[in-house]
$ cat start-v2.cif   # mmCIF, C-alpha atoms
data_protein
loop_
_atom_site.label_atom_id
_atom_site.label_comp_id
_atom_site.auth_asym_id
_atom_site.auth_seq_id
_atom_site.Cartn_x
_atom_site.Cartn_y
_atom_site.Cartn_z
CA MET A 1 16.84 88.96 81.64
CA THR A 2 18.40 89.67 78.26
CA PRO A 3 18.35 86.09 76.96
CA THR A 4 14.62 85.86 77.63
CA ILE A 5 13.96 88.99 75.64
CA SER A 6 16.07 87.87 72.71
CA GLN A 7 14.34 84.51 72.81
CA THR A 8 10.88 86.02 72.64
CA SER A 9 11.87 88.33 69.83
CA ASN A 10 13.39 85.35 68.00
CA LYS A 11 10.23 83.42 68.43
CA SER A 12 8.01 86.19 67.18
CA ASP A 13 10.29 86.44 64.13
CA TYR A 14 8.75 83.31 62.73
CA VAL A 15 5.35 84.45 61.66
CA LEU A 16 3.45 83.86 58.49
CA GLN A 17 1.03 86.60 57.55
CA ALA A 18 -1.32 87.16 54.68
CA ARG A 19 -2.94 90.52 54.11
CA ALA A 20 -6.03 91.21 52.01
CA LEU A 21 -5.41 88.13 49.93
CA SER A 22 -7.70 87.42 47.01
CA CYS A 23 -7.57 84.60 44.55
CA VAL A 24 -9.23 84.23 41.17
CA ARG A 25 -9.33 80.96 39.25
CA GLY A 26 -10.47 81.49 35.69
CA GLU A 27 -13.63 83.62 35.93
CA ARG A 28 -14.46 82.65 39.48
CA SER A 29 -13.34 84.54 42.53
CA LEU A 30 -12.49 81.97 45.19
CA PHE A 31 -11.92 84.30 48.12
CA SER A 32 -11.12 87.93 48.66
CA ASP A 33 -9.78 90.10 51.45
CA LEU A 34 -8.50 87.14 53.38
CA ASP A 35 -6.25 87.91 56.34
CA LEU A 36 -4.42 85.31 58.33
CA GLN A 37 -1.60 85.11 60.79
CA VAL A 38 0.23 82.06 62.07
CA HIS A 39 2.81 82.41 64.83
CA ALA A 40 5.58 80.08 65.91
CA GLY A 41 4.15 77.01 67.62
CA GLU A 42 0.75 77.37 65.97
CA CYS A 43 -1.08 75.24 63.48
CA LEU A 44 -3.67 76.58 61.05
CA HIS A 45 -6.29 74.12 59.87
CA VAL A 46 -7.90 75.33 56.63
CA ARG A 47 -11.33 73.84 56.20
CA GLY A 48 -14.09 74.09 53.67
CA GLU A 49 -16.04 72.23 51.03
CA ASN A 50 -14.44 70.76 47.91
CA GLY A 51 -13.46 73.41 45.40
CA VAL A 52 -13.68 76.29 47.84
CA GLY A 53 -10.03 77.16 47.30
CA LYS A 54 -8.08 75.40 50.05
CA THR A 55 -5.39 74.08 47.75
CA SER A 56 -5.25 77.42 45.93
CA LEU A 57 -4.70 79.19 49.25
CA LEU A 58 -1.90 76.79 50.14
CA ARG A 59 -0.24 77.27 46.78
CA LEU A 60 -0.45 81.05 47.24
CA LEU A 61 1.21 80.71 50.64
CA THR A 62 4.09 78.71 49.14
CA GLY A 63 4.57 81.28 46.39
CA LEU A 64 3.94 78.72 43.63
CA SER A 65 1.16 80.93 42.33
CA LYS A 66 0.70 84.65 42.66
CA PRO A 67 -2.33 86.22 44.33
CA GLU A 68 -4.68 88.48 42.40
CA SER A 69 -4.12 91.07 45.09
CA GLY A 70 -2.74 91.22 48.60
CA GLU A 71 0.58 90.09 50.00
CA ILE A 72 2.12 87.26 51.98
CA LEU A 73 4.79 87.94 54.56
CA TRP A 74 7.25 85.59 56.19
CA LYS A 75 9.24 87.11 59.07
CA GLN A 76 7.70 90.50 58.18
CA GLN A 77 9.05 90.33 54.65
CA ALA A 78 7.22 89.64 51.40
CA ILE A 79 7.95 86.04 50.39
CA HIS A 80 9.14 86.78 46.87
CA VAL A 81 11.81 89.23 48.09
CA GLU A 82 14.02 86.69 49.85
CA SER A 83 12.62 83.62 48.16
CA ALA A 84 15.71 81.45 48.69
CA GLN A 85 15.54 82.07 52.43
CA TYR A 86 11.80 81.43 52.46
CA HIS A 87 12.25 78.17 50.56
CA ARG A 88 14.86 77.10 53.09
CA ASP A 89 12.32 77.54 55.88
CA LEU A 90 9.45 76.00 53.94
CA LEU A 91 8.31 72.45 53.35
CA PHE A 92 5.32 72.04 51.05
CA LEU A 93 3.65 68.71 50.44
CA GLY A 94 0.96 68.81 47.79
CA HIS A 95 -1.65 66.18 47.10
CA ARG A 96 0.70 64.54 44.60
CA ASP A 97 3.43 62.76 46.51
CA ALA A 98 6.38 63.94 44.36
CA LEU A 99 8.15 60.64 44.97
CA LYS A 100 10.02 59.01 42.11
CA ASP A 101 8.44 55.60 41.49
CA ASP A 102 11.62 54.02 40.15
CA LEU A 103 13.77 55.03 43.11
CA THR A 104 13.72 53.34 46.49
CA ALA A 105 12.25 55.01 49.57
CA LEU A 106 15.75 55.63 50.90
CA GLU A 107 16.97 57.11 47.61
CA ASN A 108 13.95 59.40 47.48
CA ILE A 109 14.65 60.74 50.97
CA GLN A 110 18.36 61.19 50.25
CA MET A 111 17.72 62.79 46.89
CA TYR A 112 15.36 65.38 48.39
CA ALA A 113 17.83 66.10 51.19
CA ALA A 114 20.50 66.84 48.57
CA ILE A 115 18.20 69.04 46.52
CA ASP A 116 16.96 70.85 49.63
CA ASP A 117 20.55 71.36 50.75
CA VAL A 118 20.03 69.54 54.07
CA PHE A 119 22.75 67.30 55.45
CA LEU A 120 21.38 63.79 55.97
CA SER A 121 23.50 60.76 56.77
CA GLN A 122 22.44 57.30 55.67
CA GLU A 123 21.74 56.31 59.31
CA GLN A 124 19.51 59.32 59.87
CA ALA A 125 17.59 58.59 56.68
CA LEU A 126 17.14 54.94 57.61
CA SER A 127 16.08 55.65 61.17
CA SER A 128 13.51 58.18 59.99
CA LEU A 129 12.05 55.57 57.63
CA TRP A 130 12.04 52.98 60.41
CA ARG A 131 10.29 55.41 62.72
CA PHE A 132 7.31 55.45 60.38
CA GLY A 133 7.05 51.70 60.00
CA LEU A 134 9.00 51.22 56.78
CA ARG A 135 11.58 48.84 58.22
CA GLY A 136 12.32 46.21 55.59
CA ARG A 137 10.92 48.36 52.79
CA GLU A 138 13.62 50.99 52.59
CA TYR A 139 15.24 49.37 49.54
CA LEU A 140 12.01 48.73 47.63
CA PRO A 141 11.13 50.96 44.71
CA VAL A 142 8.39 53.36 45.73
CA SER A 143 6.17 51.95 42.97
CA CYS A 144 5.89 48.76 45.09
CA LEU A 145 4.57 50.66 48.12
CA SER A 146 0.91 51.26 48.89
CA ALA A 147 -0.60 54.75 48.95
CA GLY A 148 -0.39 54.86 52.74
CA GLN A 149 3.21 53.70 52.74
CA LYS A 150 4.09 56.44 50.27
CA ARG A 151 2.63 58.99 52.70
CA ARG A 152 4.82 57.42 55.39
CA VAL A 153 7.86 58.06 53.20
CA LEU A 154 6.73 61.68 53.06
CA MET A 155 6.47 61.73 56.86
CA ALA A 156 10.08 60.58 57.00
CA ARG A 157 10.91 63.46 54.71
CA MET A 158 9.05 65.91 56.98
CA ALA A 159 11.04 64.65 59.95
CA THR A 160 14.38 65.10 58.19
CA ARG A 161 13.79 68.32 56.27
CA GLN A 162 14.47 70.77 59.15
CA ALA A 163 11.97 73.33 57.90
CA LYS A 164 10.27 75.90 60.11
CA LEU A 165 7.03 76.16 58.18
CA TRP A 166 5.11 73.13 56.99
CA ILE A 167 2.39 73.61 54.42
CA LEU A 168 0.58 70.32 53.99
CA ASP A 169 -2.24 69.63 51.56
CA GLU A 170 -4.44 66.78 52.85
CA PRO A 171 -1.65 65.07 54.81
CA PHE A 172 -4.06 62.62 56.46
CA ASN A 173 -5.26 61.08 53.20
CA ALA A 174 -4.77 57.34 52.78
CA LEU A 175 -3.39 56.89 56.30
CA ASP A 176 -4.47 54.19 58.73
CA VAL A 177 -5.32 54.92 62.36
CA ASN A 178 -1.78 54.36 63.63
CA ALA A 179 -0.26 56.51 60.93
CA ILE A 180 -2.76 59.30 61.67
CA HIS A 181 -1.59 59.27 65.27
CA ALA A 182 2.04 59.19 64.19
CA LEU A 183 1.50 62.18 61.90
CA GLN A 184 -0.35 64.12 64.62
CA ASP A 185 2.52 63.42 67.00
CA LEU A 186 5.00 64.52 64.35
CA ILE A 187 3.16 67.82 63.81
CA THR A 188 2.79 68.38 67.56
CA GLU A 189 6.51 67.76 68.00
CA HIS A 190 7.25 70.21 65.19
CA LEU A 191 5.05 72.88 66.83
CA GLY A 192 6.74 72.20 70.16
CA ARG A 193 10.09 73.06 68.57
CA GLY A 194 8.66 76.43 67.53
CA GLY A 195 7.59 75.38 64.07
CA LEU A 196 4.51 76.47 62.17
CA ALA A 197 2.07 74.37 60.20
CA VAL A 198 -0.71 75.12 57.76
CA LEU A 199 -2.76 72.15 56.65
CA THR A 200 -6.00 71.17 55.02
CA SER A 201 -8.02 68.17 56.02
CA HIS A 202 -11.58 66.95 56.06
CA GLN A 203 -10.97 65.02 59.25
CA ASN A 204 -11.11 66.23 62.79
CA ILE A 205 -7.58 66.48 64.00
CA ASP A 206 -6.27 66.61 67.48
CA ILE A 207 -3.35 68.98 67.65
CA PRO A 208 -2.77 71.56 70.39
CA ASN A 209 -2.53 75.24 69.50
CA MET A 210 -4.70 74.77 66.45
CA LYS A 211 -6.60 77.57 64.77
CA VAL A 212 -9.31 76.87 62.25
CA LEU A 213 -9.91 78.89 59.13
CA GLU A 214 -13.23 78.26 57.42
CA LEU A 215 -13.15 79.18 53.77
CA MET B 1 26.54 73.31 43.58
CA SER B 2 25.86 70.01 45.35
CA ALA B 3 22.22 70.25 44.25
CA PHE B 4 23.41 70.54 40.64
CA PHE B 5 25.23 67.21 40.91
CA ALA B 6 22.41 65.71 42.97
CA ILE B 7 19.89 66.36 40.22
CA ILE B 8 22.23 64.96 37.55
CA HIS B 9 22.76 61.88 39.71
CA ARG B 10 19.02 61.51 40.24
CA ASP B 11 18.15 61.81 36.55
CA LEU B 12 20.87 59.36 35.51
CA LEU B 13 19.70 56.93 38.19
CA LEU B 14 16.14 57.19 36.90
CA VAL B 15 17.36 56.51 33.39
CA MET B 16 19.32 53.46 34.57
CA ARG B 17 16.17 52.07 36.16
CA ARG B 18 14.23 52.52 32.95
CA LYS B 19 16.71 51.89 30.19
CA SER B 20 14.16 51.28 27.43
CA GLU B 21 13.34 54.95 27.00
CA VAL B 22 16.93 55.91 26.32
CA LEU B 23 17.72 52.93 24.18
CA THR B 24 14.73 53.80 22.00
CA ALA B 25 16.28 57.13 21.04
CA LEU B 26 19.67 55.55 20.45
CA PHE B 27 18.29 52.70 18.36
CA PHE B 28 16.28 55.20 16.37
CA PHE B 29 19.52 56.97 15.46
CA VAL B 30 21.25 53.73 14.52
CA VAL B 31 18.35 52.34 12.51
CA VAL B 32 17.52 55.51 10.60
CA THR B 33 21.14 56.10 9.64
CA SER B 34 21.52 52.45 8.62
CA LEU B 35 18.47 52.57 6.38
CA PHE B 36 20.05 55.10 4.02
CA PRO B 37 22.99 52.98 2.85
CA LEU B 38 20.62 50.04 2.48
CA GLY B 39 18.09 52.04 0.51
CA ILE B 40 20.50 53.90 -1.73
CA GLY B 41 22.82 51.03 -2.54
CA ALA B 42 26.55 50.76 -2.87
CA ASP B 43 27.24 54.08 -4.54
CA ALA B 44 30.13 55.13 -2.28
CA ALA B 45 30.54 58.61 -3.75
CA LEU B 46 26.86 59.45 -3.22
CA LEU B 47 26.89 58.02 0.32
CA ARG B 48 29.91 60.09 1.25
CA LYS B 49 28.13 63.16 -0.04
CA ILE B 50 24.88 62.68 1.86
CA ALA B 51 26.46 61.29 5.05
CA PRO B 52 26.85 64.58 6.99
CA GLY B 53 23.28 65.67 6.34
CA VAL B 54 21.76 62.28 7.10
CA LEU B 55 23.71 61.81 10.32
CA TRP B 56 22.92 65.28 11.56
CA VAL B 57 19.20 65.10 10.75
CA ALA B 58 19.01 61.73 12.50
CA ALA B 59 20.80 63.23 15.50
CA LEU B 60 18.28 66.10 15.64
CA LEU B 61 15.31 63.76 15.50
CA SER B 62 16.64 61.31 18.07
CA THR B 63 17.39 64.18 20.49
CA LEU B 64 13.81 65.27 20.00
CA LEU B 65 12.57 61.82 21.03
CA GLY B 66 14.12 62.15 24.47
CA LEU B 67 13.13 65.77 25.06
CA GLN B 68 9.52 65.19 26.01
CA ARG B 69 10.76 63.25 29.02
CA MET B 70 12.95 66.05 30.33
CA PHE B 71 10.37 67.77 32.55
CA ALA B 72 7.10 65.92 31.90
CA ALA B 73 7.54 63.13 34.45
CA ASP B 74 8.55 65.58 37.18
CA TYR B 75 5.62 67.79 36.26
CA LEU B 76 3.11 64.96 36.53
CA ASP B 77 4.20 63.55 39.89
CA GLY B 78 4.67 66.94 41.55
CA ALA B 79 8.45 66.72 41.82
CA LEU B 80 8.80 69.86 39.72
CA GLU B 81 6.99 71.89 42.40
CA GLN B 82 9.48 70.57 44.92
CA LEU B 83 12.35 71.65 42.68
CA VAL B 84 10.85 75.13 42.35
CA LEU B 85 10.52 75.32 46.13
CA SER B 86 14.07 74.16 46.74
CA PRO B 87 16.34 76.70 48.45
CA GLN B 88 18.76 76.21 45.59
CA PRO B 89 18.38 78.49 42.56
CA LEU B 90 16.02 76.78 40.14
CA VAL B 91 18.28 77.67 37.22
CA LEU B 92 20.98 75.43 38.71
CA LEU B 93 18.58 72.49 38.88
CA VAL B 94 17.34 73.12 35.35
CA ALA B 95 20.94 73.23 34.13
CA GLY B 96 21.52 69.92 35.88
CA LYS B 97 18.56 68.36 34.12
CA ILE B 98 19.84 69.63 30.77
CA VAL B 99 23.28 68.17 31.44
CA ALA B 100 21.72 64.84 32.39
CA HIS B 101 19.69 64.87 29.17
CA TRP B 102 22.82 65.51 27.13
CA LEU B 103 24.74 62.73 28.89
CA VAL B 104 21.93 60.34 28.05
CA CYS B 105 20.80 61.49 24.61
CA GLY B 106 23.72 63.49 23.19
CA LEU B 107 26.95 61.88 24.31
CA PRO B 108 26.08 58.36 23.05
CA LEU B 109 25.46 59.84 19.59
CA VAL B 110 28.93 61.37 19.59
CA LEU B 111 30.43 58.03 20.54
CA ILE B 112 28.64 55.84 18.01
CA ALA B 113 28.75 58.32 15.14
CA PRO B 114 32.15 57.04 13.88
CA ILE B 115 30.81 53.51 13.61
CA ILE B 116 27.77 54.73 11.72
CA GLY B 117 30.06 56.89 9.59
CA ILE B 118 31.90 53.82 8.30
CA GLN B 119 28.67 52.67 6.66
CA PHE B 120 28.82 55.86 4.62
CA ASP B 121 32.45 55.25 3.64
CA LEU B 122 33.69 58.36 5.45
CA ASP B 123 37.47 58.59 5.84
CA ALA B 124 39.21 59.01 9.18
CA SER B 125 39.52 62.80 9.06
CA SER B 126 35.83 63.17 8.21
CA LEU B 127 34.95 60.94 11.14
CA TYR B 128 36.98 63.13 13.49
CA VAL B 129 35.29 66.26 12.19
CA LEU B 130 31.90 64.57 12.51
CA MET B 131 32.60 63.67 16.13
CA GLY B 132 33.86 67.16 16.85
CA THR B 133 30.78 68.83 15.41
CA LEU B 134 28.49 66.46 17.28
CA LEU B 135 30.41 67.11 20.49
CA LEU B 136 29.86 70.86 20.11
CA GLY B 137 26.41 70.64 18.55
CA THR B 138 24.49 68.10 20.63
CA PRO B 139 24.72 70.18 23.85
CA VAL B 140 23.11 73.03 21.90
CA LEU B 141 20.33 70.65 20.86
CA SER B 142 19.70 69.65 24.50
CA LEU B 143 19.79 73.27 25.64
CA LEU B 144 17.44 74.63 22.99
CA GLY B 145 15.20 71.61 23.38
CA SER B 146 14.75 72.33 27.07
CA ILE B 147 12.94 75.56 26.16
CA GLY B 148 10.46 73.62 24.06
CA ALA B 149 10.05 70.94 26.72
CA ALA B 150 9.35 73.57 29.36
CA LEU B 151 6.98 75.62 27.21
CA THR B 152 4.82 72.65 26.21
CA LEU B 153 4.44 71.24 29.75
CA GLY B 154 0.86 70.31 30.44
CA VAL B 155 -0.23 71.06 26.88
CA ARG B 156 -2.28 68.39 25.16
CA GLY B 157 -0.42 67.07 22.12
CA GLY B 158 2.66 68.78 23.51
CA SER B 159 5.19 66.60 21.72
CA VAL B 160 4.00 67.58 18.24
CA LEU B 161 3.87 71.23 19.22
CA MET B 162 7.35 70.96 20.68
CA SER B 163 8.74 69.55 17.43
CA LEU B 164 7.25 72.48 15.55
CA LEU B 165 8.69 74.95 18.04
CA ILE B 166 12.14 73.47 18.34
CA LEU B 167 13.11 72.08 14.93
CA PRO B 168 13.38 75.54 13.31
CA LEU B 169 15.72 76.59 16.11
CA TYR B 170 17.94 73.61 15.30
CA ILE B 171 18.57 74.80 11.73
CA PRO B 172 21.79 76.78 12.45
CA VAL B 173 23.31 73.82 14.27
CA LEU B 174 22.38 71.54 11.39
CA ILE B 175 23.85 73.88 8.78
CA PHE B 176 27.19 74.38 10.50
CA GLY B 177 27.46 70.83 11.81
CA ALA B 178 26.82 69.13 8.49
CA GLY B 179 28.65 71.92 6.68
CA ALA B 180 31.87 71.27 8.56
CA VAL B 181 31.93 67.60 7.61
CA TYR B 182 31.17 68.41 3.99
CA ALA B 183 33.79 71.17 3.88
CA ASN B 184 36.38 68.79 5.28
CA SER B 185 35.57 66.13 2.70
CA VAL B 186 36.16 68.56 -0.18
CA GLY B 187 39.35 69.85 1.41
CA LEU B 188 38.16 73.20 2.75
CA ASP B 189 39.00 74.74 6.11
CA THR B 190 36.59 73.83 8.93
CA VAL B 191 37.74 76.36 11.53
CA GLY B 192 34.92 78.74 10.66
CA HIS B 193 32.26 76.10 11.15
CA PHE B 194 33.72 75.02 14.48
CA SER B 195 33.97 78.62 15.69
CA LEU B 196 30.34 79.23 14.84
CA LEU B 197 29.23 76.01 16.55
CA GLY B 198 31.26 77.00 19.60
CA ALA B 199 29.69 80.44 19.57
CA LEU B 200 26.22 78.89 19.40
CA LEU B 201 27.08 76.66 22.35
CA ILE B 202 28.37 79.55 24.46
CA LEU B 203 25.35 81.67 23.59
CA ALA B 204 22.96 78.86 24.44
CA LEU B 205 24.79 78.11 27.72
CA ALA B 206 24.56 81.75 28.70
CA PHE B 207 20.85 82.27 28.05
CA VAL B 208 18.89 79.07 27.71
CA PRO B 209 18.87 77.85 31.36
CA TRP B 210 17.27 81.14 32.43
CA VAL B 211 14.70 81.02 29.62
CA SER B 212 13.74 77.43 30.48
CA THR B 213 13.50 78.35 34.16
CA ALA B 214 11.11 81.16 33.37
CA ALA B 215 9.02 78.86 31.17
CA LEU B 216 8.86 76.25 33.94
CA LYS B 217 7.64 78.81 36.45
CA ILE B 218 4.84 79.76 34.07
CA ALA B 219 3.92 76.10 33.59
CA ILE B 220 3.75 75.50 37.35
CA GLU B 221 1.46 78.44 38.04
#

$ encode --input "start-v2.cif" --output "structure tokens"
Amino acid sequence: MTPTISQTSNKSDYVLQARALSCVRGERSLFSDLDLQVHAGECLHVRGENGVGKTSLLRLLTGLSKPESGEILWKQQAIHVESAQYHRDLLFLGHRDALKDDLTALENIQMYAAIDDVFLSQEQALSSLWRFGLRGREYLPVSCLSAGQKRRVLMARMATRQAKLWILDEPFNALDVNAIHALQDLITEHLGRGGLAVLTSHQNIDIPNMKVLEL
Amino acid sequence: MSAFFAIIHRDLLLVMRRKSEVLTALFFFVVVTSLFPLGIGADAALLRKIAPGVLWVAALLSTLLGLQRMFAADYLDGALEQLVLSPQPLVLLVAGKIVAHWLVCGLPLVLIAPIIGIQFDLDASSLYVLMGTLLLGTPVLSLLGSIGAALTLGVRGGSVLMSLLILPLYIPVLIFGAGAVYANSVGLDTVGHFSLLGALLILALAFVPWVSTAALKIAIE
């Protein structure tokens, strides 16, 4: 009996909450009094027209920018209190790919693993790149890859990062049909392991346990 | 600590892949310092007298050339956001980037300064003092420069603004660095100059990484 209880309490530990969030860009108020809650195993799909504040919301959730008012909680604690711990649990992919053009795909993955303090052997890094169809391109500089292939490098990074919470800005951009399926599978797998995901997209996506937030 | 070495390794690797940017700064130093003896002529006494100032001013300017690159590329491709969101303390990563900048833009100056010094007819003891001052002074230049590089991120015409911000801060290093070489050449004691340069270095090491980190966080927001 006891293990079950501890497991459920562990699971409910991982929850991302935002309370009465409001965001102002310049003179314009993008949204106000926004509440949201994402539990372990859930995915939040943020939708809305261009310029409605999806990216701003995502940046608020990562802590890169500060909200005008309101607070964001991770595991019942404000994110700026234990920011190192939050950053350990968090993977944020913005609309810029953050890959170094002059480094190879493999070097990029390994470099981010070192900076993110995640152990990653060369075999693991290679197999994650192979999984996303980059076999034979792992030693090419990223500048030689196409936009879709760069996103595949990022998928390899997602698979190796070991983060609980994924915040993804337009992850389906520039992907072909197969890669879209691969990414959906990757996110579903992540949710199945008790992970959380927040993403924006203009496409219809097919992921179980998905909530939609219309901005 | 592994992230500190990882970021140094990354930045050095990036420099190796794109050598032209670094060599530009180094060639600038060599060319500018070589122009003076050519322009002034073979007046050895005059050359010896102006050598410390010329070498140090050229070192300041060539450090400045490489500074713009310190954070700008990472800022543009989004890598800086990833560094901010790393579980490692950002100040450690910033310190790593500063060290990498010094290894690329500062250390080579220290190593080629003696060769340049010969053009100015400096004697052996002056060359040693020159190398010593550069060894203590160029890290300060990289450190102080990182503040300017971080503050002017995303600003249009940032490089000009950065020069205006940073060059005045370089004045103490210039005075004591060039002063030590001059003092040595006229037979005075240089311990005072070296102590002050060392103090500047310690002071900069203690405060600058935190200041640059704060400036970067503002730039990201």

$ closest_residue --input "start-v2.cif" --among "A:Met158, A:Leu58, A:Ala98, A:Val46" --to "Ser201 of chain A" --atoms "only C-alpha atoms"
A:Val46

$ closest_residue --input "start-v2.cif" --among "B:Asp123, B:Gln68, B:Gln88, B:Leu13" --to "Gly154 of chain B" --atoms "all atoms listed in the file"
B:Gln68

$ resolve_selection --input "start-v2.cif" --expression "the PyMOL selection byres ((chain B) within 10 of (chain A))" --output "compact mmCIF listing (two decimals) with C-alpha atoms, in the coordinates of the input"
# COMPACT_ATOMS: atom_id res chain seq x y z
CA MET B 1 26.54 73.31 43.58
CA SER B 2 25.86 70.01 45.35
CA ALA B 3 22.22 70.25 44.25
CA PHE B 4 23.41 70.54 40.64
CA PHE B 5 25.23 67.21 40.91
CA ALA B 6 22.41 65.71 42.97
CA ILE B 7 19.89 66.36 40.22
CA HIS B 9 22.76 61.88 39.71
CA ARG B 10 19.02 61.51 40.24
CA LEU B 13 19.70 56.93 38.19
CA LEU B 14 16.14 57.19 36.90
CA VAL B 15 17.36 56.51 33.39
CA MET B 16 19.32 53.46 34.57
CA ARG B 17 16.17 52.07 36.16
CA ARG B 18 14.23 52.52 32.95
CA ALA B 73 7.54 63.13 34.45
CA ASP B 74 8.55 65.58 37.18
CA TYR B 75 5.62 67.79 36.26
CA LEU B 76 3.11 64.96 36.53
CA ASP B 77 4.20 63.55 39.89
CA GLY B 78 4.67 66.94 41.55
CA ALA B 79 8.45 66.72 41.82
CA LEU B 80 8.80 69.86 39.72
CA GLU B 81 6.99 71.89 42.40
CA GLN B 82 9.48 70.57 44.92
CA LEU B 83 12.35 71.65 42.68
CA VAL B 84 10.85 75.13 42.35
CA LEU B 85 10.52 75.32 46.13
CA SER B 86 14.07 74.16 46.74
CA PRO B 87 16.34 76.70 48.45
CA GLN B 88 18.76 76.21 45.59
CA PRO B 89 18.38 78.49 42.56
CA LEU B 90 16.02 76.78 40.14
CA LEU B 93 18.58 72.49 38.88
CA LYS B 217 7.64 78.81 36.45
CA ILE B 218 4.84 79.76 34.07
CA ILE B 220 3.75 75.50 37.35
CA GLU B 221 1.46 78.44 38.04

$ resolve_selection --input "start-v2.cif" --expression "the PyMOL selection byres ((chain B and resi 53) around 9)" --output "tab-separated table (two decimals) with C-alpha atoms, in the frame of the given file"
chain	number	residue	atom	x	y	z
B	49	LYS	CA	28.13	63.16	-0.04
B	50	ILE	CA	24.88	62.68	1.86
B	51	ALA	CA	26.46	61.29	5.05
B	52	PRO	CA	26.85	64.58	6.99
B	54	VAL	CA	21.76	62.28	7.10
B	55	LEU	CA	23.71	61.81	10.32
B	56	TRP	CA	22.92	65.28	11.56
B	57	VAL	CA	19.20	65.10	10.75
B	58	ALA	CA	19.01	61.73	12.50
B	174	LEU	CA	22.38	71.54	11.39
B	175	ILE	CA	23.85	73.88	8.78
B	177	GLY	CA	27.46	70.83	11.81
B	178	ALA	CA	26.82	69.13	8.49
B	179	GLY	CA	28.65	71.92	6.68
B	181	VAL	CA	31.93	67.60	7.61
B	182	TYR	CA	31.17	68.41	3.99

$ closest_residue --input "start-v2.cif" --among "A:Cys23, A:Cys43, A:Gly48, A:Val81" --to "Glu68 of chain A" --atoms "all atoms listed in the file"
A:Cys23

$ atom_distance --input "start-v2.cif" --atom1 "atom CA of Lys75 of chain A" --atom2 "atom CA of Tyr14 of chain A"
5.3 Å

$ resolve_selection --input "start-v2.cif" --expression "the PyMOL selection byres ((chain B and resi 23-40) around 7)" --output "PyMOL selection string"
chain B and resi 19-22+41-42+47+54-55+58-59+62+65-66+119-120

$ write_last_selection --input "start-v2.cif" --atoms "C-alpha atoms" --output "compact mmCIF listing (two decimals), in the coordinates of the input"
# COMPACT_ATOMS: atom_id res chain seq x y z
CA LYS B 19 16.71 51.89 30.19
CA SER B 20 14.16 51.28 27.43
CA GLU B 21 13.34 54.95 27.00
CA VAL B 22 16.93 55.91 26.32
CA GLY B 41 22.82 51.03 -2.54
CA ALA B 42 26.55 50.76 -2.87
CA LEU B 47 26.89 58.02 0.32
CA VAL B 54 21.76 62.28 7.10
CA LEU B 55 23.71 61.81 10.32
CA ALA B 58 19.01 61.73 12.50
CA ALA B 59 20.80 63.23 15.50
CA SER B 62 16.64 61.31 18.07
CA LEU B 65 12.57 61.82 21.03
CA GLY B 66 14.12 62.15 24.47
CA GLN B 119 28.67 52.67 6.66
CA PHE B 120 28.82 55.86 4.62

$ atom_distance --input "start-v2.cif" --atom1 "atom CA of Leu106 of chain A" --atom2 "atom CA of Arg137 of chain A"
8.9 Å

$ atom_distance --input "start-v2.cif" --atom1 "atom CA of Gly195 of chain A" --atom2 "atom CA of Ile180 of chain A"
19.3 Å
